[in-house]
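Enquirer: Sharing query-v7.txt here; it has compact mmCIF, C-alpha atoms and all ligand atoms.
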# COMPACT_ATOMS: atom_id res chain seq x y z
CA MET A 109 0.00 0.00 0.00
CA ASP A 110 1.27 3.46 -0.92
CA LEU A 111 0.23 6.16 1.58
CA ALA A 112 1.73 9.05 -0.46
CA TYR A 113 -0.70 11.29 -2.37
CA THR A 114 -0.63 11.31 -6.19
CA GLU A 115 -0.54 14.48 -8.28
CA ALA A 116 -4.24 14.04 -9.13
CA GLU A 117 -5.09 13.73 -5.46
CA GLU A 118 -3.16 16.90 -4.64
CA GLU A 119 -5.06 18.70 -7.44
CA PHE A 120 -8.31 17.49 -5.92
CA ARG A 121 -7.14 18.88 -2.56
CA ALA A 122 -6.31 22.28 -4.07
CA GLY A 123 -9.73 22.54 -5.80
CA LEU A 124 -11.52 21.62 -2.59
CA ARG A 125 -9.53 24.22 -0.64
CA ARG A 126 -10.52 26.90 -3.14
CA TRP A 127 -14.18 25.93 -2.91
CA LEU A 128 -14.13 25.90 0.90
CA ARG A 129 -12.55 29.36 0.98
CA THR A 130 -15.43 30.67 -1.14
CA VAL A 131 -18.41 29.04 0.59
CA LEU A 132 -17.54 28.90 4.28
CA PRO A 133 -17.87 32.66 4.85
CA THR A 134 -21.44 32.47 3.44
CA LEU A 135 -22.69 29.94 6.04
CA PRO A 136 -25.26 30.98 8.66
CA PRO A 137 -24.16 30.87 12.33
CA LYS A 138 -24.11 27.42 13.97
CA PRO A 139 -27.30 26.61 15.91
CA ALA A 140 -27.28 25.87 19.65
CA PRO A 141 -26.33 22.23 20.48
CA GLU A 142 -29.70 21.54 22.13
CA ASP A 143 -31.79 22.82 19.21
CA TRP A 144 -32.08 19.68 17.09
CA PRO A 145 -34.62 21.02 14.53
CA ALA A 146 -32.25 23.96 13.82
CA ARG A 147 -29.28 21.59 13.72
CA ARG A 148 -31.11 19.42 11.21
CA ARG A 149 -31.76 22.46 8.97
CA TYR A 150 -28.13 23.56 9.27
CA ASP A 151 -26.66 20.10 8.57
CA CYS A 152 -29.04 19.46 5.65
CA GLY A 153 -28.26 22.91 4.23
CA TRP A 154 -24.53 22.13 4.30
CA GLN A 155 -25.16 18.75 2.67
CA ARG A 156 -27.11 20.51 -0.11
CA MET A 157 -24.14 22.85 -0.70
CA LEU A 158 -21.83 19.84 -0.97
CA TYR A 159 -24.27 18.21 -3.39
CA ASP A 160 -24.49 21.27 -5.63
CA ALA A 161 -20.70 21.54 -5.74
CA GLY A 162 -20.20 17.85 -6.60
CA TYR A 163 -18.79 16.80 -3.23
CA ALA A 164 -21.76 14.75 -1.93
CA GLY A 165 -21.28 11.00 -1.68
CA LEU A 166 -17.72 11.47 -2.81
CA HIS A 167 -16.66 7.84 -2.53
CA TRP A 168 -20.10 6.39 -3.29
CA PRO A 169 -20.15 4.71 -6.71
CA ALA A 170 -21.41 6.85 -9.61
CA GLU A 171 -24.33 4.44 -10.25
CA ALA A 172 -25.48 5.15 -6.67
CA GLY A 173 -25.45 8.90 -7.36
CA GLY A 174 -22.01 9.40 -5.84
CA GLN A 175 -18.85 10.87 -7.32
CA GLY A 176 -16.93 7.60 -7.58
CA ALA A 177 -13.87 9.21 -5.99
CA THR A 178 -11.07 7.10 -4.58
CA PRO A 179 -11.06 6.33 -0.84
CA THR A 180 -7.94 8.49 -0.59
CA GLN A 181 -9.82 11.45 -2.08
CA HIS A 182 -12.47 10.88 0.53
CA LEU A 183 -9.86 11.02 3.29
CA ILE A 184 -8.47 14.22 1.74
CA PHE A 185 -12.01 15.60 1.82
CA LEU A 186 -12.23 14.81 5.55
CA GLU A 187 -8.84 16.36 6.22
CA GLU A 188 -9.54 19.54 4.28
CA THR A 189 -13.09 20.17 5.50
CA GLU A 190 -11.91 19.79 9.08
CA ARG A 191 -8.80 21.95 8.52
CA ALA A 192 -11.03 24.70 7.12
CA GLY A 193 -13.50 24.42 10.01
CA ALA A 194 -16.37 23.28 7.74
CA PRO A 195 -19.52 21.80 9.35
CA TYR A 196 -19.48 18.12 10.31
CA VAL A 197 -21.93 15.58 8.89
CA GLY A 198 -24.18 16.01 12.00
CA ALA A 199 -27.76 14.83 11.52
CA GLY A 200 -26.70 13.19 8.24
CA PHE A 201 -24.48 10.70 10.14
CA VAL A 202 -26.63 7.56 9.78
CA GLY A 203 -27.91 8.22 6.25
CA LEU A 204 -24.59 9.18 4.74
CA LEU A 205 -22.24 6.99 6.71
CA HIS A 206 -24.00 3.68 7.29
CA ALA A 207 -27.65 3.38 6.13
CA GLY A 208 -26.80 4.74 2.65
CA PRO A 209 -23.69 2.55 2.26
CA THR A 210 -25.76 -0.48 3.38
CA ILE A 211 -28.42 0.29 0.76
CA ILE A 212 -25.65 0.60 -1.86
CA ALA A 213 -24.22 -2.79 -0.85
CA GLU A 214 -27.45 -4.71 -0.18
CA GLY A 215 -30.41 -2.80 -1.68
CA THR A 216 -32.15 -3.40 -5.00
CA ALA A 217 -31.76 -0.96 -7.91
CA GLY A 218 -35.22 0.45 -7.06
CA GLN A 219 -34.30 0.97 -3.40
CA ARG A 220 -31.06 2.71 -4.35
CA ALA A 221 -32.93 5.04 -6.73
CA ARG A 222 -35.54 5.78 -4.08
CA TRP A 223 -33.42 6.50 -1.02
CA LEU A 224 -29.91 7.45 -2.04
CA PRO A 225 -30.50 10.71 -4.02
CA PRO A 226 -32.50 12.39 -1.21
CA ILE A 227 -29.83 11.36 1.34
CA LEU A 228 -27.16 12.92 -0.85
CA ARG A 229 -29.18 16.11 -1.41
CA GLY A 230 -29.66 16.54 2.36
CA GLU A 231 -33.43 16.03 2.10
CA GLN A 232 -33.67 12.94 4.30
CA VAL A 233 -32.36 12.30 7.78
CA TRP A 234 -32.04 8.67 8.91
CA CYS A 235 -31.72 7.15 12.35
CA GLN A 236 -30.74 3.69 13.54
CA GLY A 237 -33.28 1.47 15.35
CA PHE A 238 -31.10 -1.44 16.37
CA SER A 239 -30.78 -1.40 20.19
CA GLU A 240 -33.61 -2.44 22.47
CA PRO A 241 -33.89 -2.85 26.22
CA GLU A 242 -31.96 -6.13 26.81
CA ALA A 243 -30.69 -6.23 23.24
CA GLY A 244 -27.68 -3.94 22.96
CA SER A 245 -24.43 -5.89 23.02
CA ASP A 246 -26.49 -9.01 22.47
CA LEU A 247 -28.19 -7.38 19.51
CA ALA A 248 -29.59 -10.62 18.11
CA ALA A 249 -31.76 -10.92 21.25
CA LEU A 250 -34.00 -8.16 19.82
CA ARG A 251 -37.74 -8.71 20.24
CA THR A 252 -39.45 -6.08 18.09
CA ARG A 253 -41.62 -8.25 15.86
CA ALA A 254 -42.85 -7.78 12.31
CA VAL A 255 -45.88 -9.83 11.30
CA ARG A 256 -46.64 -10.18 7.60
CA ASP A 257 -50.03 -8.76 6.59
CA GLY A 258 -50.36 -8.90 2.80
CA ASP A 259 -47.81 -6.55 1.24
CA HIS A 260 -47.01 -4.95 4.64
CA TYR A 261 -45.40 -5.94 7.91
CA LEU A 262 -47.09 -4.82 11.11
CA VAL A 263 -44.24 -3.87 13.46
CA THR A 264 -44.63 -3.83 17.25
CA GLY A 265 -41.97 -3.30 19.90
CA SER A 266 -39.61 -0.65 21.21
CA LYS A 267 -36.15 0.71 20.47
CA ILE A 268 -33.81 2.68 22.67
CA TRP A 269 -30.82 5.06 22.30
CA THR A 270 -32.05 6.02 18.81
CA SER A 271 -29.83 9.00 17.95
CA HIS A 272 -31.53 11.87 16.04
CA ALA A 273 -34.90 10.01 16.09
CA GLU A 274 -36.70 13.25 16.87
CA VAL A 275 -35.69 14.82 13.56
CA ALA A 276 -35.39 11.68 11.41
CA ASP A 277 -37.54 10.84 8.36
CA TRP A 278 -36.41 7.22 8.11
CA CYS A 279 -35.06 4.56 10.43
CA GLU A 280 -32.89 1.55 9.60
CA LEU A 281 -34.87 -0.87 11.71
CA LEU A 282 -34.11 -4.41 12.85
CA VAL A 283 -37.12 -6.61 13.44
CA ARG A 284 -37.80 -10.25 14.20
CA THR A 285 -39.66 -11.81 11.29
CA ASP A 286 -39.40 -15.43 12.51
CA ALA A 287 -39.84 -15.96 16.23
CA ASP A 288 -39.13 -19.70 15.96
CA ALA A 289 -35.82 -19.50 14.09
CA PRO A 290 -32.44 -19.45 15.95
CA LYS A 291 -32.01 -15.88 17.15
CA HIS A 292 -29.54 -14.76 14.46
CA ARG A 293 -31.62 -16.24 11.65
CA GLY A 294 -35.06 -14.71 12.21
CA ILE A 295 -34.14 -11.04 11.76
CA SER A 296 -34.91 -8.62 8.89
CA TRP A 297 -33.60 -5.09 8.07
CA LEU A 298 -36.41 -2.63 7.23
CA ALA A 299 -36.56 1.04 6.26
CA LEU A 300 -39.21 2.51 8.57
CA PRO A 301 -40.85 5.86 7.68
CA MET A 302 -40.79 7.76 10.99
CA ASP A 303 -44.12 9.47 10.21
CA ALA A 304 -46.00 6.14 9.88
CA PRO A 305 -49.02 5.68 12.18
CA GLY A 306 -48.09 3.97 15.45
CA VAL A 307 -44.57 5.48 15.81
CA THR A 308 -43.97 7.39 19.08
CA VAL A 309 -40.65 9.11 19.83
CA ARG A 310 -39.75 10.08 23.41
CA PRO A 311 -36.46 12.07 23.68
CA LEU A 312 -33.85 11.15 26.35
CA ARG A 313 -31.57 13.76 27.91
CA THR A 314 -27.86 12.89 28.00
CA LEU A 315 -25.15 13.65 30.57
CA ALA A 316 -23.95 16.44 28.25
CA GLY A 317 -27.38 18.09 28.51
CA THR A 318 -28.80 17.61 25.01
CA ALA A 319 -31.62 15.30 23.94
CA GLU A 320 -29.45 13.57 21.38
CA PHE A 321 -31.31 10.31 21.38
CA ALA A 322 -34.72 8.87 22.10
CA GLU A 323 -36.85 5.88 22.88
CA VAL A 324 -39.00 4.81 19.94
CA PHE A 325 -42.23 2.90 20.49
CA LEU A 326 -43.84 0.97 17.64
CA ASP A 327 -47.47 -0.11 17.79
CA GLU A 328 -48.59 -2.21 14.81
CA VAL A 329 -46.77 0.17 12.47
CA PRO A 330 -47.43 -0.76 8.82
CA VAL A 331 -44.17 -1.02 6.83
CA PRO A 332 -44.34 -2.08 3.16
CA VAL A 333 -42.57 -5.36 2.43
CA ALA A 334 -40.86 -3.43 -0.39
CA ASN A 335 -38.96 -1.51 2.35
CA ARG A 336 -37.04 -4.64 3.39
CA VAL A 337 -33.36 -4.49 2.45
CA GLY A 338 -32.01 -8.01 1.86
CA ALA A 339 -34.01 -11.22 2.09
CA GLU A 340 -36.54 -11.95 4.83
CA ASN A 341 -34.75 -13.44 7.87
CA ASP A 342 -31.33 -12.57 6.38
CA GLY A 343 -31.16 -9.29 8.31
CA TRP A 344 -28.30 -10.34 10.60
CA ARG A 345 -25.94 -10.55 7.62
CA VAL A 346 -27.14 -7.13 6.36
CA THR A 347 -26.65 -5.78 9.90
CA MET A 348 -23.02 -6.88 9.90
CA VAL A 349 -22.54 -4.80 6.74
CA THR A 350 -24.11 -1.77 8.47
CA LEU A 351 -21.96 -2.22 11.59
CA SER A 352 -18.77 -2.61 9.58
CA PHE A 353 -19.43 0.80 8.00
CA GLU A 354 -20.39 2.29 11.37
CA ARG A 355 -17.25 1.05 13.16
CA GLY A 356 -14.88 1.05 10.20
CA THR A 357 -15.43 4.37 8.49
CA ALA A 358 -18.17 6.45 10.11
CA PHE A 359 -15.97 7.96 12.85
CA VAL A 360 -12.83 8.61 10.84
CA GLY A 361 -13.59 12.27 10.13
CA GLU A 362 -13.63 12.86 13.87
CA VAL A 363 -9.99 11.83 14.16
CA VAL A 364 -9.01 14.89 12.14
CA ALA A 365 -11.19 17.05 14.38
CA CYS A 366 -9.45 15.62 17.46
CA ARG A 367 -6.05 16.53 15.99
CA ARG A 368 -7.25 20.12 15.65
CA VAL A 369 -8.42 20.14 19.29
CA LEU A 370 -5.02 18.78 20.33
CA GLY A 371 -3.34 21.73 18.58
CA GLU A 372 -5.68 24.08 20.47
CA LEU A 373 -4.75 22.37 23.77
CA ALA A 374 -1.06 22.99 23.11
CA ARG A 375 -1.75 26.65 22.24
CA THR A 376 -3.90 27.14 25.36
CA ALA A 377 -1.25 25.47 27.56
CA ARG A 378 1.41 27.80 26.18
CA ALA A 379 -0.81 30.80 26.88
CA ASN A 380 -1.81 29.86 30.45
CA GLY A 381 1.58 28.63 31.65
CA ARG A 382 0.75 24.91 31.93
CA TRP A 383 3.14 24.16 29.08
CA ASP A 384 5.95 24.43 31.66
CA ASP A 385 4.78 21.10 33.11
CA PRO A 386 6.89 18.39 31.39
CA VAL A 387 4.40 15.65 32.33
CA LEU A 388 1.61 17.52 30.52
CA ARG A 389 3.85 18.12 27.48
CA ARG A 390 4.65 14.39 27.33
CA ARG A 391 0.94 13.61 27.59
CA LEU A 392 0.10 15.89 24.65
CA GLY A 393 3.01 14.45 22.65
CA ARG A 394 1.76 10.91 23.21
CA LEU A 395 -1.73 11.96 22.11
CA ALA A 396 -0.29 13.45 18.91
CA ALA A 397 1.37 10.09 18.20
CA ASP A 398 -1.86 8.23 19.00
CA PHE A 399 -3.92 10.33 16.57
CA THR A 400 -1.30 9.95 13.84
CA ALA A 401 -1.43 6.18 14.38
CA LEU A 402 -5.26 6.22 14.23
CA TRP A 403 -5.15 8.15 10.97
CA ARG A 404 -2.68 5.62 9.50
CA LEU A 405 -4.95 2.80 10.70
CA THR A 406 -7.84 4.51 8.94
CA GLN A 407 -5.88 4.74 5.71
CA TRP A 408 -5.00 1.06 6.04
CA ASN A 409 -8.63 0.02 6.76
CA VAL A 410 -9.95 2.05 3.84
CA SER A 411 -7.30 0.66 1.51
CA GLU A 412 -7.99 -2.93 2.66
CA ALA A 413 -11.74 -2.47 2.12
CA GLN A 414 -11.06 -1.21 -1.39
CA HIS A 415 -8.73 -4.08 -2.26
CA SER A 416 -10.97 -6.77 -0.78
CA GLY A 417 -13.71 -5.68 -3.24
CA GLY A 418 -17.10 -4.14 -2.51
CA GLY A 419 -15.67 -1.41 -0.31
CA VAL A 420 -17.11 -2.93 2.88
CA PRO A 421 -14.65 -2.44 5.78
CA GLY A 422 -13.54 -5.54 7.68
CA VAL A 423 -12.93 -6.28 11.36
CA GLY A 424 -10.08 -3.72 11.38
CA GLY A 425 -12.94 -1.30 12.13
CA SER A 426 -13.22 -2.83 15.61
CA VAL A 427 -9.53 -2.10 16.28
CA PHE A 428 -10.11 1.50 15.18
CA LYS A 429 -13.32 1.91 17.22
CA LEU A 430 -11.71 0.41 20.34
CA ARG A 431 -8.64 2.63 20.24
CA TYR A 432 -10.49 5.76 19.07
CA ALA A 433 -12.93 5.55 22.02
CA GLN A 434 -9.96 5.40 24.44
CA VAL A 435 -7.83 8.11 22.85
CA ARG A 436 -10.75 10.53 22.51
CA GLN A 437 -11.37 10.28 26.24
CA GLU A 438 -7.66 10.75 26.98
CA LEU A 439 -7.74 13.88 24.79
CA TYR A 440 -10.53 15.49 26.80
CA ASP A 441 -8.97 14.40 30.12
CA ALA A 442 -5.86 16.24 28.94
CA ALA A 443 -8.09 19.21 28.05
CA ALA A 444 -9.27 19.30 31.67
CA ALA A 445 -5.64 19.26 32.85
CA VAL A 446 -4.86 22.18 30.52
CA LEU A 447 -7.89 24.17 31.64
CA GLY A 448 -7.47 23.53 35.37
CA PRO A 449 -10.46 24.81 37.44
CA GLN A 450 -11.99 26.26 34.24
CA ALA A 451 -12.72 22.62 33.23
CA LEU A 452 -15.67 22.77 35.65
CA ASP A 453 -17.25 25.59 33.63
CA ALA A 454 -20.33 23.95 32.07
CA ASP A 455 -20.33 26.48 29.21
CA HIS A 456 -16.81 25.69 28.02
CA PRO A 457 -17.11 23.62 24.80
CA TRP A 458 -14.40 21.19 25.99
CA THR A 459 -16.51 20.43 29.10
CA ALA A 460 -19.46 19.20 27.02
CA ASP A 461 -17.10 17.32 24.71
CA ARG A 462 -15.42 15.69 27.71
CA LEU A 463 -18.77 14.49 29.04
CA SER A 464 -19.93 13.19 25.66
CA SER A 465 -16.56 11.47 25.04
CA LEU A 466 -17.58 8.95 27.72
CA SER A 467 -20.36 7.68 25.47
CA TYR A 468 -17.84 6.48 22.87
CA THR A 469 -17.10 3.50 25.13
CA ILE A 470 -20.68 2.38 24.48
CA ALA A 471 -21.97 3.78 21.16
CA ALA A 472 -21.62 1.57 18.06
CA GLY A 473 -20.82 -1.45 20.26
CA THR A 474 -19.09 -1.33 23.63
CA THR A 475 -15.35 -1.50 24.19
CA GLN A 476 -15.72 -4.96 25.73
CA ILE A 477 -17.56 -6.19 22.63
CA GLN A 478 -14.87 -4.74 20.31
CA ARG A 479 -12.26 -6.53 22.43
CA ASN A 480 -14.16 -9.81 22.02
CA ILE A 481 -14.26 -9.27 18.23
CA VAL A 482 -10.54 -8.48 18.07
CA ALA A 483 -9.72 -11.49 20.28
CA GLU A 484 -11.84 -13.97 18.36
CA ARG A 485 -11.77 -12.76 14.77
CA ILE A 486 -8.33 -11.18 14.46
CA LEU A 487 -6.20 -12.93 17.08
CA GLY A 488 -8.03 -16.28 16.74
CA LEU A 489 -8.37 -16.72 20.51
CA PRO A 490 -11.01 -19.17 21.76
CA LYS A 491 -14.55 -17.84 22.16
CA GLY A 492 -15.39 -16.78 25.74
CA ARG A 493 -18.51 -17.95 27.50
C1 LIG B 1 -24.14 8.11 22.32
C2 LIG B 1 -24.84 6.83 21.95
C3 LIG B 1 -25.55 6.78 20.78
C4 LIG B 1 -26.22 5.60 20.43
N1 LIG B 1 -26.97 5.62 19.29
C5 LIG B 1 -27.65 4.52 18.95
C6 LIG B 1 -28.50 4.54 17.81
O1 LIG B 1 -28.62 5.55 17.11
N2 LIG B 1 -29.19 3.44 17.50
C7 LIG B 1 -29.09 2.30 18.23
O2 LIG B 1 -29.71 1.31 17.86
N3 LIG B 1 -28.31 2.24 19.35
C8 LIG B 1 -27.60 3.33 19.72
N4 LIG B 1 -26.83 3.30 20.86
C9 LIG B 1 -26.87 2.10 21.71
C10 LIG B 1 -25.58 1.31 21.76
O3 LIG B 1 -25.29 0.69 20.54
C11 LIG B 1 -25.75 0.28 22.90
O4 LIG B 1 -25.91 1.02 24.10
C12 LIG B 1 -24.56 -0.64 23.04
O5 LIG B 1 -24.53 -1.53 21.96
C13 LIG B 1 -24.54 -1.41 24.36
O6 LIG B 1 -25.73 -2.07 24.61
P1 LIG B 1 -26.50 -1.92 26.01
O7 LIG B 1 -26.62 -0.46 26.30
O8 LIG B 1 -27.73 -2.76 25.93
O9 LIG B 1 -25.51 -2.52 27.11
P2 LIG B 1 -25.37 -4.04 27.54
O10 LIG B 1 -25.33 -4.88 26.32
O11 LIG B 1 -26.40 -4.35 28.57
O12 LIG B 1 -23.93 -4.06 28.19
C14 LIG B 1 -23.70 -3.73 29.56
C15 LIG B 1 -22.22 -4.01 29.85
O13 LIG B 1 -21.94 -5.42 29.73
C16 LIG B 1 -20.87 -5.64 28.81
N5 LIG B 1 -21.11 -6.87 28.05
C17 LIG B 1 -22.28 -7.29 27.52
N6 LIG B 1 -22.09 -8.45 26.86
C18 LIG B 1 -20.76 -8.76 26.95
C19 LIG B 1 -19.95 -9.83 26.47
N7 LIG B 1 -20.46 -10.82 25.74
N8 LIG B 1 -18.62 -9.79 26.77
C20 LIG B 1 -18.09 -8.79 27.50
N9 LIG B 1 -18.82 -7.75 27.99
C21 LIG B 1 -20.13 -7.74 27.72
C22 LIG B 1 -20.92 -4.44 27.90
O14 LIG B 1 -19.69 -4.23 27.24
C23 LIG B 1 -21.27 -3.31 28.87
O15 LIG B 1 -20.14 -2.87 29.56
C24 LIG B 1 -26.15 4.45 21.26
C25 LIG B 1 -25.42 4.49 22.45
C26 LIG B 1 -24.78 5.66 22.80
C27 LIG B 1 -24.02 5.68 24.08
I need this file expressed as structure tokens, please.
Ligand SMILES: Cc1cc2nc3c(=O)[nH]c(=O)nc-3n(C[C@H](O)[C@H](O)[C@H](O)COP(=O)(O)OP(=O)(O)OC[C@H]3O[C@@H](n4cnc5c(N)ncnc54)[C@H](O)[C@@H]3O)c2cc1C
Expert:
Amino acid sequence: MDLAYTEAEEEFRAGLRRWLRTVLPTLPPKPAPEDWPARRRYDCGWQRMLYDAGYAGLHWPAEAGGQGATPTQHLIFLEETERAGAPYVGAGFVGLLHAGPTIIAEGTAGQRARWLPPILRGEQVWCQGFSEPEAGSDLAALRTRAVRDGDHYLVTGSKIWTSHAEVADWCELLVRTDADAPKHRGISWLALPMDAPGVTVRPLRTLAGTAEFAEVFLDEVPVPVANRVGAENDGWRVTMVTLSFERGTAFVGEVVACRRVLGELARTARANGRWDDPVLRRRLGRLAADFTALWRLTQWNVSEAQHSGGGVPGVGGSVFKLRYAQVRQELYDAAAAVLGPQALDADHPWTADRLSSLSYTIAAGTTQIQRNIVAERILGLPKGR
């Protein structure tokens, strides 16, 4: 694998820089973190600008409405947008980073034509209805059932920790379509319209103070059979595709953002005198090395996915997710050390980020579960009980 950038890739970078310099000053101010409807409008507006400029779905294949760019161009896009302080994917996270890619990999031509263009244009926000009470790490224990009724399923059950559910139009939903089959074999992957009758969303407030996710209750919700992605009862396999995108590539843009924060920590420490502490300087230096290593791991994962065909990331995503969750928390612990007593100021942006960094141990599969995957599927250790 060659990690150096080609001339064409550097040209792509220069063009993107020019475009960012022109459009970023025209953006409206960022909405307040707790105002999800405004955040949805802001994130969708940014996505529309990317679409109009030919930067939406950069590494999605052209037949899926994307730009067919190389994975390296996509990484350059992440680097440059972050460097320029452009908005993050935000409410578009699920649609752009794992529901859309799953539909590309597993959907029919009709499903791709129906859902992918509006995701790319920033017209549709998706959420993820996987977790349930008692079915998080043991996801295949899910109990939400879908009973066939002609050309519809009637879906009944409940989901929890559904990020962005309050402002979502669609939900990638896991349901049990065969209660008698072994638990991994009776599951299907459905696209649920969030405005269907029988859907109730109840927001949950997080430690960081925002209602980022919600409980979703489903009472005999009619979902067309045509909304099933993959075969009936083959949803576990489709789910593994979704999770490999979620763990393997969805968070990589954040690594670049963390490197920027690290630079700000060093600048703040120099300004407030804490830079004189050699222990703190060593800590920041180690973090710089950790984020460089994570970025290299990302490049390796992306390159492997490309070479293995299909562009679906492999179990390397679990190594990334495991390490990223740890290093992100170490970054914000270091931020608290740099800030000193100011770290208790609830209005400081690093305080909220420090609180929310704790959730990375859990979101997208807990650290313990990633360790199990690494142990069993990469290191070949025997399966635990
Ligand atoms: C910020 C955030 C956003 C989220 N967004 C979404 C979303 O949009 N959609 C969605 O569907 N879900 C979402 N989740 C839910 C998340 O995926 C689950 O919380 C996670 O998978 C863990 O499941 P659980 O909460 O049921 O914990 P449990 O599975 O009950 O785990 C409890 C503890 O036991 C450990 N444990 C369980 N089984 C094992 C095992 N076999 N070996 C070792 N340790 C084990 C776990 O690691 C954990 O420490 C989100 C979570 C967070 C924090």
Enquirer: Work out how far apart CA of Leu300 (chain A) and CA of Gly425 (chain A) are and give it in Å to one decimal.
Expert: 26.8 Å
Enquirer: Could you give me the residues within 7 Å of ligand LIG 1 (chain B), counting only C-alpha atoms and all ligand atoms, as a PyMOL selection string?
Expert: chain A and resi 235-246+267-271+321+467-468+470-477+480
Enquirer: Using only C-alpha atoms, find all polymer residues with an atom at most 7 Å away from the point (-39.2, 0.8, 18.1); report them as a ChimeraX atom specification.
Expert: /A:237,252,265-267,324-326
Enquirer: In Å, how far is it from CA of Tyr196 (chain A) to CA of Ala365 (chain A)?
Expert: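 According to the coordinates, CA of Tyr196 (chain A) and CA of Ala365 (chain A) are separated by 9.3 Å.
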Enquirer: Which polymer residues have any atom within 12 Å of an atom of Leu463 (chain A), counting all atoms listed in the file, with same-chain residues fewer than 4 positions away left out, as a list in words?
Expert: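 So, after excluding close chain neighbours, the residues are Thr314, Leu315, Ala316, Gly317, Thr318, Arg436, Gln437, Glu438, Leu439, Tyr440, Asp441, Ala443, Ala444, Ala451, Leu452, Ala454, His456, Pro457, Trp458, Thr459, Ser467, Tyr468 and Thr469 of chain A.
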Enquirer: List every protein, DNA or RNA residue that has an atom no more than 12 Å from (-47.9, -7.6, 4.7) in the file's coordinate frame, counting only C-alpha atoms, and report them as a ChimeraX atom specification.
Expert: /A:254-263,285,328-336
Enquirer: Would you mind reading off the distance between CA of Ile212 (chain A) and CA of Glu354 (chain A), one decimal, in Å?
Expert: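 According to the coordinates, CA of Ile212 (chain A) and CA of Glu354 (chain A) are separated by 14.3 Å.
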Enquirer: Would you mind telling me which residue in A:Gly200, A:Pro209, A:Gly294, A:Gly176 lies nearest to Arg229 (chain A) when using all atoms listed in the file?
Expert: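 When distances to Arg229 (chain A) are compared using all atoms listed in the file, the smallest one comes from A:Gly200.
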Enquirer: Of the residues A:Glu274, A:Glu187, A:Glu119, A:Glu340, which is the one nearest to Pro145 (chain A), using all atoms listed in the file?
Expert: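 Checking each candidate against Pro145 (chain A), we get A:Glu274 as the closest.
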Enquirer: Determine, counting all atoms listed in the file, which protein, DNA and RNA residues have an atom within 9 Å of an atom of Leu205 (chain A); residues of the same chain fewer than 6 positions away are not included. Present the result as a PyMOL selection string.
Expert: chain A and resi 197+353-354+357-359
Enquirer: Which residues are near His272 (chain A)? Cut-off 9 Å, all atoms listed in the file, ignore same chain within fewer than 4 positions. Put them as a list of chain:residue names.
Expert: A:Trp144, A:Arg148, A:Ala199, A:Val233, A:Trp234, A:Cys235, A:Gln236, A:Ala276, A:Ala319, A:Glu320, A:Phe321, A:Ala322
Enquirer: For Leu204 (chain A), which residue among A:Thr350, A:Ile184, A:Arg129, A:Glu372 is the nearest when counting all atoms listed in the file?
Expert: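 Closest residue, counting all atoms listed in the file: A:Thr350.
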Enquirer: Give me, as an MDAnalysis selection string, all polymer residues having an atom no more than 7 Å from Arg251 (chain A), counting all atoms listed in the file and skipping those fewer than 2 positions away in the same chain.
Expert: chainID A and resid 249 253 265 284
Enquirer: What's the 12 Å shell around Gly361 (chain A), counting only C-alpha atoms, without same-chain residues fewer than 4 positions away, as an NGL selection string?
Expert: :A and (182-191 or 194-198 or 201 or 205 or 356-357 or 365-368 or 399 or 402-403 or 406-407 or 432)
